[in-house]
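K.L.:
For reference, the structure I am asking about is given below.
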Amino acid sequence: MSNAWEAPMSTVSAERLSKIFVEVADTLVDDFDLLDFLHMLTVRTADLVGASAVGLLLADQRGRLQFMAASDERARILEIFQVQGREGPCFDAFSTGAPVVNEDLQGAGERWPDFTRHALAAGFGSVHAFPMRVRREVIGALNVFGDTAGGTFEEADVQVVQALTDVAAIGLLQERAIRRGEVLTEQLQGALNSRIVIEQAKGAIAQARGLSVDEAFIVLRGFARRTNRKLTDAAQDMLADPNKLTV
């Protein structure tokens with residue numbers, strides 16, 4: 001397996017870092033798509049730190065963490081296991097409001113027995129978790145997975161990823177307050193419901209074209225952008241018209 005930390009933060013140029021922060025902060029647009037934004041956040045974070053995978057959980061209207069986005073299929077499946085077991089680094093970061101850093105999964109079995117078993121089986125060796133927070137309000141958490149045991153995050157790295165996560169949380173709150181005027185939890189609940197449609201469309205595309213689930217999502221996202229629609233609308237369209245699955 002590849003080294004999960006081949007691109008330490010110290011090698012990231014200031015220009016590239018600033019572009020990522022601007023992209024994550026840019027939620028105040030007319031065509032803002034929450035699910036696409038969250039997926040972008042996981043991909044940008046993985047690229048920024050050279051991580052194997054990144055997953056994201058957000059609290060629903062009852063304050064319970066739910067899976068919302070992942071940079072790849074491995075992380076998606078593991079995050080779902082974490083939600084089902086109600087244990088793991090994201091739950092710790094969410095409940096405490098503090099990051100979990102450089103956690104060696106080989107020694108985490110007592111702390112998170114179910115999560116650790118699934119994470120090791122998926123090939124991960126280390127994990128970090130960062131709360132998505134605005135002051136004292138925590139709305140979710142971001143998981144960063146590595147293939148190698150332990151982790152090499154330094155304090156500066158932790159501060160950058162936490163700042164990126166906080167900016168995303170602020171952006172979500174701003175988008176809700178200015179554009180929609182609805183409570184954040186209702187918005188997230190709607191996105192959670194939309195997620196089901198997207199997963200169904202991914203599965204249908206994968207089966208129709210003989211693709212992996214990750215490749216199917218790329219096809220779906222490309223279709224949504226070409227037709228200038230949100231992911232959920234594009235997924236519903238593909239499910240309603242099976243002929244589009246093979247276009």
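Residues are referred to by chain and number: the chain letter is A, B, ... according to the order shown in the structure tokens, the number counts from 1 in that chain, and ligands are numbered separately from 1 in the order shown.
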Residues at most 12 Å from Arg225 of chain A, counting only C-alpha atoms, excluding those fewer than 5 positions away in the same chain, as a VMD selection string?

P.N.:
chain A and resid 31 33 36 218 to 220 230 to 235

K.L.:
I'd like the contact shell of segment 65-75 of chain A - 9 Å cut-off, only C-alpha atoms, skipping same-chain residues fewer than 2 positions apart - returned as a ChimeraX atom specification.

P.N.:
/A:35-36,38-46,52-60,62-63,77-80,82-83,86,90-91,94,119,122,139-141,143,145,188,191-192,195,213-214

K.L.:
Export, as a CSV table (one decimal), in the first residue's frame, the selected residues with N, CA and C atoms.

P.N.:
chain,number,residue,atom,x,y,z
A,35,LEU,N,-24.8,18.7,-1.5
A,35,LEU,CA,-24.2,17.4,-1.6
A,35,LEU,C,-22.9,17.5,-2.4
A,36,ASP,N,-22.9,18.3,-3.5
A,36,ASP,CA,-21.8,18.5,-4.3
A,36,ASP,C,-20.7,19.2,-3.5
A,38,LEU,N,-20.2,19.2,-0.2
A,38,LEU,CA,-19.7,18.3,0.8
A,38,LEU,C,-18.7,17.3,0.2
A,39,HIS,N,-19.1,16.8,-1.0
A,39,HIS,CA,-18.2,15.9,-1.7
A,39,HIS,C,-16.9,16.6,-2.1
A,40,MET,N,-17.0,17.8,-2.6
A,40,MET,CA,-15.8,18.6,-2.9
A,40,MET,C,-14.9,18.8,-1.7
A,41,LEU,N,-15.5,19.0,-0.5
A,41,LEU,CA,-14.7,19.2,0.7
A,41,LEU,C,-13.9,18.0,1.0
A,42,THR,N,-14.5,16.8,0.9
A,42,THR,CA,-13.8,15.6,1.2
A,42,THR,C,-12.6,15.4,0.2
A,43,VAL,N,-12.9,15.6,-1.0
A,43,VAL,CA,-11.8,15.4,-2.1
A,43,VAL,C,-10.7,16.4,-1.9
A,44,ARG,N,-11.0,17.7,-1.6
A,44,ARG,CA,-10.0,18.7,-1.5
A,44,ARG,C,-9.2,18.4,-0.2
A,45,THR,N,-9.8,18.0,0.9
A,45,THR,CA,-9.1,17.7,2.1
A,45,THR,C,-8.1,16.5,1.9
A,46,ALA,N,-8.6,15.5,1.2
A,46,ALA,CA,-7.7,14.3,0.9
A,46,ALA,C,-6.5,14.7,0.0
A,52,SER,N,-5.4,8.9,2.2
A,52,SER,CA,-6.0,7.8,1.5
A,52,SER,C,-7.5,8.1,1.2
A,53,ALA,N,-8.2,8.6,2.2
A,53,ALA,CA,-9.6,8.8,2.0
A,53,ALA,C,-10.1,9.8,3.1
A,54,VAL,N,-11.2,10.4,2.8
A,54,VAL,CA,-11.8,11.4,3.7
A,54,VAL,C,-13.3,11.1,3.7
A,55,GLY,N,-14.0,11.1,4.9
A,55,GLY,CA,-15.4,11.0,5.0
A,55,GLY,C,-16.0,12.1,5.9
A,56,LEU,N,-17.3,12.4,5.7
A,56,LEU,CA,-17.9,13.5,6.4
A,56,LEU,C,-19.3,13.0,7.0
A,57,LEU,N,-19.5,13.3,8.2
A,57,LEU,CA,-20.8,13.1,8.9
A,57,LEU,C,-21.4,14.4,9.3
A,58,LEU,N,-22.7,14.6,9.2
A,58,LEU,CA,-23.3,15.8,9.7
A,58,LEU,C,-24.5,15.4,10.6
A,59,ALA,N,-24.8,16.2,11.5
A,59,ALA,CA,-25.9,16.0,12.5
A,59,ALA,C,-27.2,16.2,11.8
A,60,ASP,N,-28.2,15.3,12.0
A,60,ASP,CA,-29.5,15.6,11.5
A,60,ASP,C,-30.4,16.4,12.5
A,62,ARG,N,-32.3,15.7,14.7
A,62,ARG,CA,-32.3,15.2,16.1
A,62,ARG,C,-30.9,15.2,16.8
A,63,GLY,N,-29.9,15.8,16.1
A,63,GLY,CA,-28.6,15.8,16.6
A,63,GLY,C,-27.8,14.5,16.5
A,77,ILE,N,-18.3,3.4,2.8
A,77,ILE,CA,-18.8,2.2,3.5
A,77,ILE,C,-18.3,2.2,5.0
A,78,LEU,N,-17.1,2.7,5.2
A,78,LEU,CA,-16.6,2.8,6.6
A,78,LEU,C,-17.4,3.8,7.4
A,79,GLU,N,-17.8,4.9,6.8
A,79,GLU,CA,-18.5,5.9,7.6
A,79,GLU,C,-19.9,5.4,7.9
A,80,ILE,N,-20.5,4.6,7.0
A,80,ILE,CA,-21.8,4.0,7.3
A,80,ILE,C,-21.7,3.1,8.5
A,82,GLN,N,-19.6,3.3,10.8
A,82,GLN,CA,-19.4,4.1,12.0
A,82,GLN,C,-20.7,4.7,12.5
A,83,VAL,N,-21.6,5.1,11.6
A,83,VAL,CA,-22.9,5.6,12.0
A,83,VAL,C,-23.8,4.5,12.6
A,86,ARG,N,-22.5,3.8,16.0
A,86,ARG,CA,-22.5,4.9,16.9
A,86,ARG,C,-21.2,5.1,17.7
A,90,CYS,N,-15.2,10.2,14.6
A,90,CYS,CA,-16.1,11.4,14.3
A,90,CYS,C,-17.0,11.6,15.5
A,91,PHE,N,-17.5,10.6,16.1
A,91,PHE,CA,-18.4,10.7,17.2
A,91,PHE,C,-17.7,11.4,18.4
A,94,PHE,N,-17.2,15.1,17.4
A,94,PHE,CA,-18.5,15.7,17.5
A,94,PHE,C,-18.9,16.0,18.9
A,119,ALA,N,-12.3,-0.6,9.9
A,119,ALA,CA,-11.3,0.3,9.4
A,119,ALA,C,-10.0,-0.5,9.0
A,122,ALA,N,-10.6,-2.6,6.0
A,122,ALA,CA,-10.7,-1.8,4.7
A,122,ALA,C,-9.3,-1.4,4.3
A,139,ILE,N,-21.6,21.0,14.1
A,139,ILE,CA,-22.7,20.4,13.2
A,139,ILE,C,-22.3,19.1,12.6
A,140,GLY,N,-21.1,18.7,12.8
A,140,GLY,CA,-20.6,17.4,12.1
A,140,GLY,C,-19.2,17.2,12.4
A,141,ALA,N,-18.6,16.2,11.6
A,141,ALA,CA,-17.2,15.9,11.8
A,141,ALA,C,-16.6,15.4,10.5
A,143,ASN,N,-13.6,12.9,8.9
A,143,ASN,CA,-12.6,11.9,9.1
A,143,ASN,C,-11.5,11.9,8.0
A,145,PHE,N,-8.5,9.5,6.7
A,145,PHE,CA,-7.9,8.1,6.9
A,145,PHE,C,-6.6,8.0,6.2
A,188,LEU,N,-30.1,20.0,6.3
A,188,LEU,CA,-29.3,18.8,6.2
A,188,LEU,C,-30.2,17.5,6.2
A,191,ALA,N,-31.1,17.0,2.6
A,191,ALA,CA,-29.9,16.5,1.9
A,191,ALA,C,-29.7,15.0,2.2
A,192,LEU,N,-30.0,14.6,3.4
A,192,LEU,CA,-29.9,13.2,3.8
A,192,LEU,C,-30.9,12.4,3.0
A,195,ARG,N,-29.7,12.0,-0.5
A,195,ARG,CA,-28.6,11.0,-0.6
A,195,ARG,C,-29.0,9.6,-1.0
A,213,VAL,N,-18.6,1.7,-8.2
A,213,VAL,CA,-19.5,2.7,-7.7
A,213,VAL,C,-18.8,4.1,-7.8
A,214,ASP,N,-17.5,4.1,-7.5
A,214,ASP,CA,-16.8,5.4,-7.7
A,214,ASP,C,-16.9,6.0,-9.1

K.L.:
One decimal, Å: what's the distance from atom CA of Asn102 of chain A over to atom CA of Val160 of chain A, could you say?

P.N.:
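Atom CA of Asn102 of chain A sits 14.8 Å away from atom CA of Val160 of chain A.
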